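*Asks:* Contents of run03.txt (compact mmCIF, C-alpha atoms):
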# COMPACT_ATOMS: atom_id res chain seq x y z
CA MET A 847 8.78 -21.01 -26.77
CA ASN A 848 8.21 -18.58 -23.93
CA LYS A 849 10.01 -19.31 -20.67
CA SER A 850 7.63 -17.37 -18.47
CA ARG A 851 4.56 -18.86 -16.85
CA ILE A 852 1.49 -17.31 -18.49
CA LEU A 853 -1.78 -17.62 -16.58
CA VAL A 854 -5.10 -16.59 -18.13
CA GLY A 855 -8.15 -16.21 -15.92
CA THR A 856 -10.91 -13.89 -14.77
CA SER A 857 -11.57 -11.22 -12.21
CA GLY A 858 -13.78 -13.00 -9.72
CA TYR A 859 -15.46 -16.34 -10.26
CA SER A 860 -18.67 -16.27 -8.20
CA TYR A 861 -21.26 -15.13 -10.73
CA LYS A 862 -24.60 -16.85 -11.09
CA ASP A 863 -24.90 -15.83 -14.73
CA TRP A 864 -21.86 -18.03 -15.45
CA ILE A 865 -24.04 -21.09 -14.94
CA GLY A 866 -24.32 -22.67 -18.35
CA VAL A 867 -21.14 -20.94 -19.52
CA LEU A 868 -18.61 -22.30 -17.03
CA TYR A 869 -20.67 -23.94 -14.31
CA PRO A 870 -23.00 -26.86 -15.06
CA PRO A 871 -26.67 -26.34 -14.18
CA ALA A 872 -27.46 -26.82 -10.48
CA THR A 873 -23.85 -26.11 -9.44
CA ARG A 874 -23.88 -24.74 -5.89
CA SER A 875 -22.15 -21.44 -5.33
CA ASN A 876 -19.91 -23.11 -2.72
CA ASP A 877 -18.56 -25.29 -5.52
CA PHE A 878 -17.90 -22.50 -8.03
CA LEU A 879 -14.21 -22.14 -7.21
CA ARG A 880 -13.54 -25.88 -7.39
CA VAL A 881 -15.08 -26.00 -10.87
CA TYR A 882 -13.34 -22.80 -11.94
CA ALA A 883 -9.94 -24.13 -10.85
CA LYS A 884 -10.31 -27.16 -13.10
CA GLU A 885 -10.05 -24.91 -16.15
CA PHE A 886 -8.17 -21.81 -15.02
CA HIS A 887 -5.11 -21.43 -12.81
CA VAL A 888 -5.48 -17.84 -11.64
CA SER A 889 -8.30 -15.69 -10.33
CA GLU A 890 -8.57 -12.24 -8.86
CA LEU A 891 -10.42 -12.06 -5.56
CA ASN A 892 -12.75 -9.06 -5.69
CA PHE A 893 -14.63 -9.41 -2.42
CA THR A 894 -11.54 -8.28 -0.53
CA TYR A 895 -12.09 -4.80 -1.95
CA TYR A 896 -15.54 -4.56 -0.37
CA ARG A 897 -14.83 -6.24 2.96
CA MET A 898 -11.66 -7.01 4.84
CA PRO A 899 -10.58 -10.60 4.23
CA GLN A 900 -10.91 -13.05 7.10
CA PRO A 901 -8.29 -15.79 7.54
CA ASP A 902 -10.84 -18.60 7.96
CA LEU A 903 -12.59 -17.80 4.67
CA VAL A 904 -9.35 -17.24 2.80
CA LYS A 905 -7.99 -20.55 4.09
CA ARG A 906 -11.06 -22.36 2.71
CA LEU A 907 -10.57 -20.75 -0.70
CA ALA A 908 -6.95 -21.81 -0.84
CA ALA A 909 -7.95 -25.38 0.05
CA GLN A 910 -10.39 -25.54 -2.88
CA THR A 911 -7.65 -25.07 -5.48
CA GLY A 912 -4.76 -27.17 -6.70
CA PRO A 913 -1.09 -26.64 -5.83
CA ASP A 914 -0.39 -24.63 -9.00
CA PHE A 915 -3.30 -22.21 -8.60
CA LEU A 916 -2.61 -18.54 -7.86
CA PHE A 917 -4.72 -15.69 -6.53
CA SER A 918 -4.36 -11.98 -7.17
CA ILE A 919 -6.08 -10.28 -4.26
CA LYS A 920 -7.59 -6.83 -4.63
CA ALA A 921 -6.68 -4.46 -1.83
CA HIS A 922 -9.47 -3.22 0.43
CA ILE A 923 -11.23 0.03 -0.43
CA THR A 924 -9.79 1.77 2.64
CA LEU A 925 -6.29 1.27 1.23
CA THR A 926 -6.80 2.47 -2.34
CA HIS A 927 -9.81 4.78 -2.32
CA GLU A 928 -10.10 6.43 1.10
CA LYS A 929 -6.53 7.30 2.13
CA ARG A 930 -7.32 7.08 5.83
CA PRO A 931 -4.84 8.15 8.52
CA ASP A 932 -4.78 4.68 10.10
CA LEU A 933 -3.00 3.25 7.06
CA SER A 934 -0.57 1.16 9.09
CA SER A 935 -3.23 -0.68 11.11
CA LEU A 936 -5.45 -1.19 8.06
CA SER A 937 -2.56 -2.61 6.06
CA SER A 938 -1.69 -4.99 8.88
CA LEU A 939 -5.32 -6.10 9.15
CA PHE A 940 -5.47 -6.77 5.41
CA LEU A 941 -2.23 -8.76 5.39
CA LYS A 942 -3.42 -10.79 8.39
CA GLY A 943 -6.62 -11.59 6.53
CA ILE A 944 -4.84 -13.01 3.47
CA GLU A 945 -2.16 -14.83 5.47
CA PRO A 946 -3.41 -18.36 4.62
CA ILE A 947 -3.00 -17.71 0.89
CA ILE A 948 0.45 -16.23 1.47
CA GLU A 949 1.50 -19.25 3.55
CA SER A 950 0.11 -21.67 0.96
CA GLY A 951 2.34 -20.16 -1.73
CA LYS A 952 -0.69 -19.25 -3.82
CA LEU A 953 -0.39 -15.46 -3.77
CA ALA A 954 0.49 -14.02 -7.16
CA SER A 955 0.06 -10.43 -6.06
CA VAL A 956 -1.96 -7.91 -4.12
CA LEU A 957 -3.69 -5.67 -6.65
CA LEU A 958 -3.77 -1.97 -5.80
CA GLN A 959 -6.49 -0.65 -8.08
CA PHE A 960 -6.82 3.10 -7.81
CA PRO A 961 -9.79 5.16 -9.03
CA TYR A 962 -9.72 7.65 -11.90
CA SER A 963 -9.82 10.40 -9.26
CA PHE A 964 -6.40 9.28 -7.95
CA TYR A 965 -4.55 11.94 -9.91
CA TYR A 966 -0.84 12.19 -10.57
CA ASN A 967 0.30 14.70 -7.98
CA LYS A 968 2.77 14.91 -5.10
CA GLU A 969 0.22 14.01 -2.41
CA ASN A 970 -0.85 10.86 -4.20
CA ARG A 971 2.70 9.87 -5.09
CA ASN A 972 3.63 10.11 -1.43
CA TYR A 973 0.58 8.11 -0.43
CA LEU A 974 1.38 5.41 -2.98
CA ASP A 975 4.90 5.16 -1.63
CA LYS A 976 3.66 4.83 1.96
CA LEU A 977 1.11 2.17 0.99
CA CYS A 978 3.70 0.15 -0.89
CA VAL A 979 6.00 0.28 2.14
CA GLN A 980 3.19 -0.93 4.43
CA LEU A 981 2.42 -3.85 2.09
CA GLY A 982 6.02 -4.44 1.10
CA THR A 983 6.19 -8.00 2.43
CA VAL A 984 4.04 -9.32 -0.45
CA PRO A 985 4.20 -8.99 -4.26
CA LEU A 986 2.32 -5.90 -5.40
CA ALA A 987 0.71 -4.79 -8.66
CA VAL A 988 -0.56 -1.26 -9.25
CA GLU A 989 -3.38 -0.33 -11.61
CA PHE A 990 -3.92 3.32 -12.36
CA ARG A 991 -7.10 4.52 -14.07
CA ASN A 992 -5.79 7.98 -14.95
CA ARG A 993 -3.41 8.14 -17.91
CA TYR A 994 -1.26 10.89 -16.41
CA TRP A 995 0.43 8.16 -14.37
CA GLN A 996 1.77 6.68 -17.61
CA LYS A 997 5.21 8.24 -17.19
CA GLU A 998 8.72 6.87 -17.42
CA SER A 999 9.46 8.23 -13.94
CA VAL A 1000 6.51 6.24 -12.50
CA TYR A 1001 7.63 3.05 -14.22
CA ASN A 1002 11.19 3.55 -12.97
CA GLY A 1003 9.93 4.09 -9.43
CA LEU A 1004 7.88 0.91 -9.54
CA ALA A 1005 10.78 -1.04 -11.00
CA GLU A 1006 13.08 0.15 -8.21
CA ARG A 1007 10.58 -1.28 -5.73
CA ASP A 1008 9.97 -4.49 -7.76
CA ILE A 1009 6.26 -3.61 -8.08
CA ALA A 1010 4.29 -4.61 -11.17
CA VAL A 1011 2.40 -2.07 -13.23
CA VAL A 1012 -0.90 -3.25 -14.69
CA ASN A 1013 -1.41 -2.82 -18.42
CA VAL A 1014 -5.07 -2.46 -19.33
CA ASP A 1015 -7.47 -2.80 -22.21
CA GLU A 1016 -10.36 -0.40 -21.75
CA PRO A 1017 -12.36 2.12 -23.81
CA ASP A 1018 -10.48 4.73 -25.80
CA LEU A 1019 -11.78 7.70 -23.84
CA PRO A 1020 -10.11 10.95 -22.74
CA GLY A 1021 -8.10 10.50 -19.58
CA LEU A 1022 -8.12 6.70 -19.55
CA LEU A 1023 -4.98 4.65 -19.97
CA LYS A 1024 -3.48 3.95 -23.36
CA GLN A 1025 -2.62 0.36 -24.19
CA SER A 1026 0.87 -0.60 -23.07
CA ASP A 1027 3.16 -3.57 -22.57
CA ILE A 1028 5.25 -2.33 -19.66
CA VAL A 1029 7.03 -4.64 -17.22
CA THR A 1030 8.39 -3.25 -13.95
CA SER A 1031 8.88 -6.43 -11.92
CA LYS A 1032 9.10 -10.18 -12.32
CA ILE A 1033 5.31 -10.09 -12.78
CA GLY A 1034 3.73 -8.96 -16.03
CA TYR A 1035 0.06 -8.03 -15.68
CA ILE A 1036 -2.75 -7.33 -18.16
CA ARG A 1037 -6.39 -6.64 -17.28
CA PHE A 1038 -9.14 -6.64 -19.91
CA HIS A 1039 -12.04 -4.39 -18.89
CA GLY A 1040 -13.93 -4.31 -22.21
CA ARG A 1041 -14.39 -1.39 -24.56
CA ASN A 1042 -17.90 -0.30 -23.63
CA GLN A 1043 -17.58 3.45 -24.20
CA THR A 1044 -21.28 4.14 -23.73
CA ASN A 1045 -21.52 2.77 -20.20
CA TRP A 1046 -18.02 3.41 -18.89
CA TRP A 1047 -18.82 6.59 -17.00
CA LYS A 1048 -22.53 6.17 -16.38
CA GLY A 1049 -22.76 2.40 -15.92
CA ASP A 1050 -22.53 0.26 -12.79
CA ASN A 1051 -20.17 -2.62 -12.05
CA VAL A 1052 -22.13 -4.86 -14.41
CA THR A 1053 -23.03 -2.64 -17.36
CA ARG A 1054 -19.65 -0.86 -17.44
CA TYR A 1055 -17.91 -4.15 -18.20
CA ASP A 1056 -20.59 -5.58 -20.49
CA TYR A 1057 -18.46 -6.33 -23.52
CA LEU A 1058 -17.39 -9.34 -25.58
CA TYR A 1059 -14.05 -9.05 -27.33
CA THR A 1060 -13.77 -10.16 -30.94
CA ASP A 1061 -10.97 -12.44 -32.10
CA SER A 1062 -9.32 -9.56 -33.93
CA GLU A 1063 -9.34 -7.45 -30.74
CA LEU A 1064 -7.73 -10.27 -28.80
CA ARG A 1065 -5.13 -10.84 -31.51
CA GLU A 1066 -4.10 -7.20 -31.23
CA TRP A 1067 -2.55 -8.11 -27.89
CA ILE A 1068 -0.38 -11.02 -29.03
CA PRO A 1069 2.73 -8.90 -29.74
CA GLY A 1070 2.31 -7.12 -26.40
CA ILE A 1071 1.87 -10.38 -24.52
CA GLN A 1072 5.00 -11.75 -26.19
CA THR A 1073 6.92 -8.61 -25.20
CA ILE A 1074 5.78 -8.92 -21.60
CA ALA A 1075 6.48 -12.66 -21.47
CA ALA A 1076 10.04 -12.04 -22.66
CA GLN A 1077 10.70 -9.90 -19.58
CA ALA A 1078 8.58 -11.39 -16.77
CA SER A 1079 8.78 -14.81 -15.15
CA LEU A 1080 5.05 -14.75 -14.37
CA VAL A 1081 2.40 -13.18 -16.62
CA LEU A 1082 -1.14 -12.66 -15.34
CA ILE A 1083 -3.84 -12.03 -17.95
CA VAL A 1084 -7.21 -11.36 -16.38
CA PHE A 1085 -10.61 -10.61 -17.94
CA ASN A 1086 -12.93 -8.31 -16.00
CA ASN A 1087 -15.79 -8.24 -18.54
CA HIS A 1088 -17.72 -10.60 -16.29
CA SER A 1089 -21.29 -9.87 -17.43
CA LYS A 1090 -23.04 -12.94 -18.91
CA GLY A 1091 -19.90 -15.03 -18.73
CA GLN A 1092 -18.13 -12.99 -21.38
CA ALA A 1093 -14.89 -13.07 -19.37
CA VAL A 1094 -14.92 -16.86 -19.48
CA GLN A 1095 -15.54 -16.91 -23.22
CA ASN A 1096 -12.74 -14.44 -23.92
CA ALA A 1097 -10.28 -16.13 -21.55
CA ARG A 1098 -10.86 -19.45 -23.27
CA ARG A 1099 -10.50 -17.92 -26.71
CA LEU A 1100 -7.33 -16.02 -25.84
CA LYS A 1101 -5.71 -19.23 -24.63
CA GLU A 1102 -6.49 -20.79 -28.02
CA ILE A 1103 -5.11 -17.79 -29.90
CA LEU A 1104 -1.94 -17.84 -27.78
CA LEU A 1105 -1.39 -21.48 -28.62
CA GLN A 1106 -1.83 -20.72 -32.31
CA SER A 1107 0.83 -18.02 -31.87
CA HIS A 1108 3.24 -20.51 -30.26
CA VAL A 1109 2.80 -18.97 -26.83
CA GLN A 1110 2.06 -21.55 -24.15
CA PRO A 1111 -0.50 -20.38 -21.54
CA VAL A 1112 -1.50 -22.38 -18.48
What is this structure when it is put down as structure tokens?

*Replies:*
Amino acid sequence: MNKSRILVGTSGYSYKDWIGVLYPPATRSNDFLRVYAKEFHVSELNFTYYRMPQPDLVKRLAAQTGPDFLFSIKAHITLTHEKRPDLSSLSSLFLKGIEPIIESGKLASVLLQFPYSFYYNKENRNYLDKLCVQLGTVPLAVEFRNRYWQKESVYNGLAERDIAVVNVDEPDLPGLLKQSDIVTSKIGYIRFHGRNQTNWWKGDNVTRYDYLYTDSELREWIPGIQTIAAQASLVLIVFNNHSKGQAVQNARRLKEILLQSHVQPV
């Protein structure tokens, strides 16, 4: 049996098209998280990418979940996409906003998701280092979208800083990341984005991730998950293919497949 804690969940939870898939009819949006937390024990917070988190709201979210629930919180756009000169003050503002989740013990990580245009070069490596220093009081996970970051030197640098690298499942397209099972901290992290090649570059945040994994595609990951679980004390497996509740369906199915493979998810 695996000794690590394996949590399977979804990226975000507040989707109206999940009514009938996860949420019973007539469920109010204010009750989505309470219902979600009855089945899953981890969720990524996406809204923090679009607007700076506010302590009052974040405190309410923490209160709606049980003691074993964890959040992975996506860093604000100004931190990962804009590279503004006021990095220190923005980082402090972000950390202040998520303080209630930190204090509750429910923070799994802060997710630094960089765009494809964040290329592997000296300027960006220096920026990444500065950002990680500014946010160094909390657990961090880094997701690159450009495969030229998939280097041993990058993994070693993250490991030296105890920062998790995010392994991804996404379309097999030039420049995108190859599948991996790398662990660079006590946290192992996998994000499933779907394999929608047609809409990846031209789609929006709904159509790009419109994809339902087959059982065989999910089973491909079992050896990788086992490899990660053997090295990390906490494994986060998150589905981002949120359109039409497909993330919920795949998260549920992966948990069943893991159990069949003698891997115990939460």

*Asks:* List the neighbours of Val904 of chain A out to 7 Å using all atoms listed in the file; skip same-chain residues closer than 5 positions along the sequence, and give me the result as a ChimeraX atom specification.

*Replies:* /A:899,944,946-947

*Asks:* In terms of the shortest atom-to-atom distance over all atoms listed in the file, which of A:Gly1091, A:Pro1017, A:Pro1111, A:Gly951 is closest to Tyr869 of chain A?

*Replies:*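 Ranking A:Gly1091, A:Pro1017, A:Pro1111, A:Gly951 by distance to Tyr869 of chain A, first place goes to A:Gly1091.
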
*Asks:* In Å, with one decimal, what is the gap from atom CA of Val1052 of chain A to atom CA of Leu925 of chain A?

*Replies:*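 A separation of 23.1 Å between them.
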
*Asks:* Nearest to Gln1095 of chain A among A:Phe964, A:Tyr1057, A:Tyr1001, A:Trp1067, with distances taken over all atoms listed in the file: which residue is it?

*Replies:*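 That would be A:Tyr1057, the residue with the smallest distance to Gln1095 of chain A.
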
*Asks:* Closest to Pro901 of chain A among A:Gly943, A:Pro931, A:Gly866, A:Gly1040, using only C-alpha atoms?

*Replies:*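 Ranking A:Gly943, A:Pro931, A:Gly866, A:Gly1040 by distance to Pro901 of chain A, first place goes to A:Gly943.
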
*Asks:* Which residues are near Ile1036 of chain A? Cut-off 9 Å, all atoms listed in the file, ignore same chain within fewer than 2 positions. Put them as a ChimeraX atom specification.

*Replies:* /A:1011-1015,1027,1034,1038,1071,1081-1085

*Asks:* Between A:Lys1032, A:Lys1101, A:Arg991, A:Lys997, which is the closest to Gln1077 of chain A once you count only C-alpha atoms?

*Replies:* A:Lys1032

*Asks:* Calculated over all atoms listed in the file, which of the candidates A:Lys884, A:His1039, A:His922, A:Lys942 has the smallest distance to Phe960 of chain A?

*Replies:*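 Looking at the shortest contact to Phe960 of chain A, the residue is A:His922.
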
*Asks:* For Arg874 of chain A, find every residue with an atom within 12 Å (counting only C-alpha atoms), except residues of its own chain fewer than 4 positions away, and show them as a list of chain:residue names.

*Replies:*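 The residues satisfying every condition are A:Ser860, A:Tyr861, A:Lys862, A:Trp864, A:Ile865, A:Tyr869, A:Pro870, A:Phe878, A:Leu879, A:Arg880, A:Val881.
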
*Asks:* Which centre and edge lengths in Å to one decimal define the box along x, y and z that fits every listed atom of segment 1048-1052 of chain A plus 6 Å per side, as lines of an AutoDock Vina configuration file?

*Replies:*
center_x = -21.5
center_y = 0.7
center_z = -14.2
size_x = 14.6
size_y = 23.0
size_z = 16.3

*Asks:* Just the number, please: distance in Å from atom CA of Thr1060 of chain A to atom CA of His1088 of chain A, one decimal.

*Replies:*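 Result for atom CA of Thr1060 of chain A versus atom CA of His1088 of chain A: 15.2 Å, one decimal.
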
*Asks:* Quick one: residues within 8 Å of Thr894 of chain A, all atoms listed in the file, excluding same-chain residues fewer than 3 positions away - as a PyMOL selection string?

*Replies:* chain A and resi 891+897-899+919-922

*Asks:* Just the number, please: distance in Å from atom CA of Ile948 of chain A to atom CA of Ser918 of chain A, one decimal.

*Replies:* 10.8 Å

*Asks:* Return the single residue from A:Glu945, A:Thr1053, A:Asp932, A:Val1094 that is closest to Asp902 of chain A, with distances computed using all atoms listed in the file.

*Replies:*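 Looking only at the distances to Asp902 of chain A, the closest residue turns out to be A:Glu945.
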
*Asks:* Would you list the contacts of Arg851 of chain A as a PyMOL selection string, taking every protein, DNA or RNA residue within 8 Å and counting all atoms listed in the file, but skipping same-chain residues closer than 3 positions in sequence?

*Replies:* chain A and resi 848+1075+1079-1081+1111-1112

*Asks:* Kindly add N, CA and C atoms to the incomplete segment 985-1002 of chain A and provide the output as a CSV table (one decimal), in the coordinates of the input.

*Replies:*
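And here is the file that came out, result.csv:
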chain,number,residue,atom,x,y,z
A,985,PRO,N,4.1,-9.5,-2.9
A,985,PRO,CA,4.2,-9.0,-4.3
A,985,PRO,C,3.0,-8.0,-4.5
A,986,LEU,N,3.3,-6.9,-5.2
A,986,LEU,CA,2.3,-5.9,-5.4
A,986,LEU,C,2.2,-5.6,-6.9
A,987,ALA,N,1.0,-5.3,-7.3
A,987,ALA,CA,0.7,-4.8,-8.7
A,987,ALA,C,-0.2,-3.5,-8.6
A,988,VAL,N,0.2,-2.5,-9.3
A,988,VAL,CA,-0.6,-1.3,-9.2
A,988,VAL,C,-1.3,-1.0,-10.6
A,989,GLU,N,-2.6,-0.7,-10.4
A,989,GLU,CA,-3.4,-0.3,-11.6
A,989,GLU,C,-3.9,1.1,-11.4
A,990,PHE,N,-3.4,2.0,-12.3
A,990,PHE,CA,-3.9,3.3,-12.4
A,990,PHE,C,-5.1,3.4,-13.3
A,991,ARG,N,-6.0,4.3,-13.1
A,991,ARG,CA,-7.1,4.5,-14.1
A,991,ARG,C,-7.0,5.9,-14.8
A,992,ASN,N,-6.0,6.7,-14.4
A,992,ASN,CA,-5.8,8.0,-15.0
A,992,ASN,C,-4.5,8.0,-15.8
A,993,ARG,N,-4.6,8.3,-17.0
A,993,ARG,CA,-3.4,8.1,-17.9
A,993,ARG,C,-2.2,9.0,-17.6
A,994,TYR,N,-2.4,10.0,-16.7
A,994,TYR,CA,-1.3,10.9,-16.4
A,994,TYR,C,-0.2,10.2,-15.5
A,995,TRP,N,-0.6,9.0,-15.1
A,995,TRP,CA,0.4,8.2,-14.4
A,995,TRP,C,1.3,7.4,-15.4
A,996,GLN,N,1.0,7.4,-16.6
A,996,GLN,CA,1.8,6.7,-17.6
A,996,GLN,C,3.0,7.5,-18.0
A,997,LYS,N,4.0,7.5,-17.1
A,997,LYS,CA,5.2,8.2,-17.2
A,997,LYS,C,6.4,7.3,-16.9
A,998,GLU,N,7.5,7.6,-17.6
A,998,GLU,CA,8.7,6.9,-17.4
A,998,GLU,C,9.2,6.9,-16.0
A,999,SER,N,9.0,8.1,-15.3
A,999,SER,CA,9.5,8.2,-13.9
A,999,SER,C,8.7,7.3,-13.0
A,1000,VAL,N,7.4,7.1,-13.3
A,1000,VAL,CA,6.5,6.2,-12.5
A,1000,VAL,C,7.0,4.8,-12.7
A,1001,TYR,N,7.2,4.4,-13.9
A,1001,TYR,CA,7.6,3.0,-14.2
A,1001,TYR,C,9.0,2.8,-13.6
A,1002,ASN,N,9.9,3.7,-13.6
A,1002,ASN,CA,11.2,3.6,-13.0
A,1002,ASN,C,11.0,3.4,-11.5
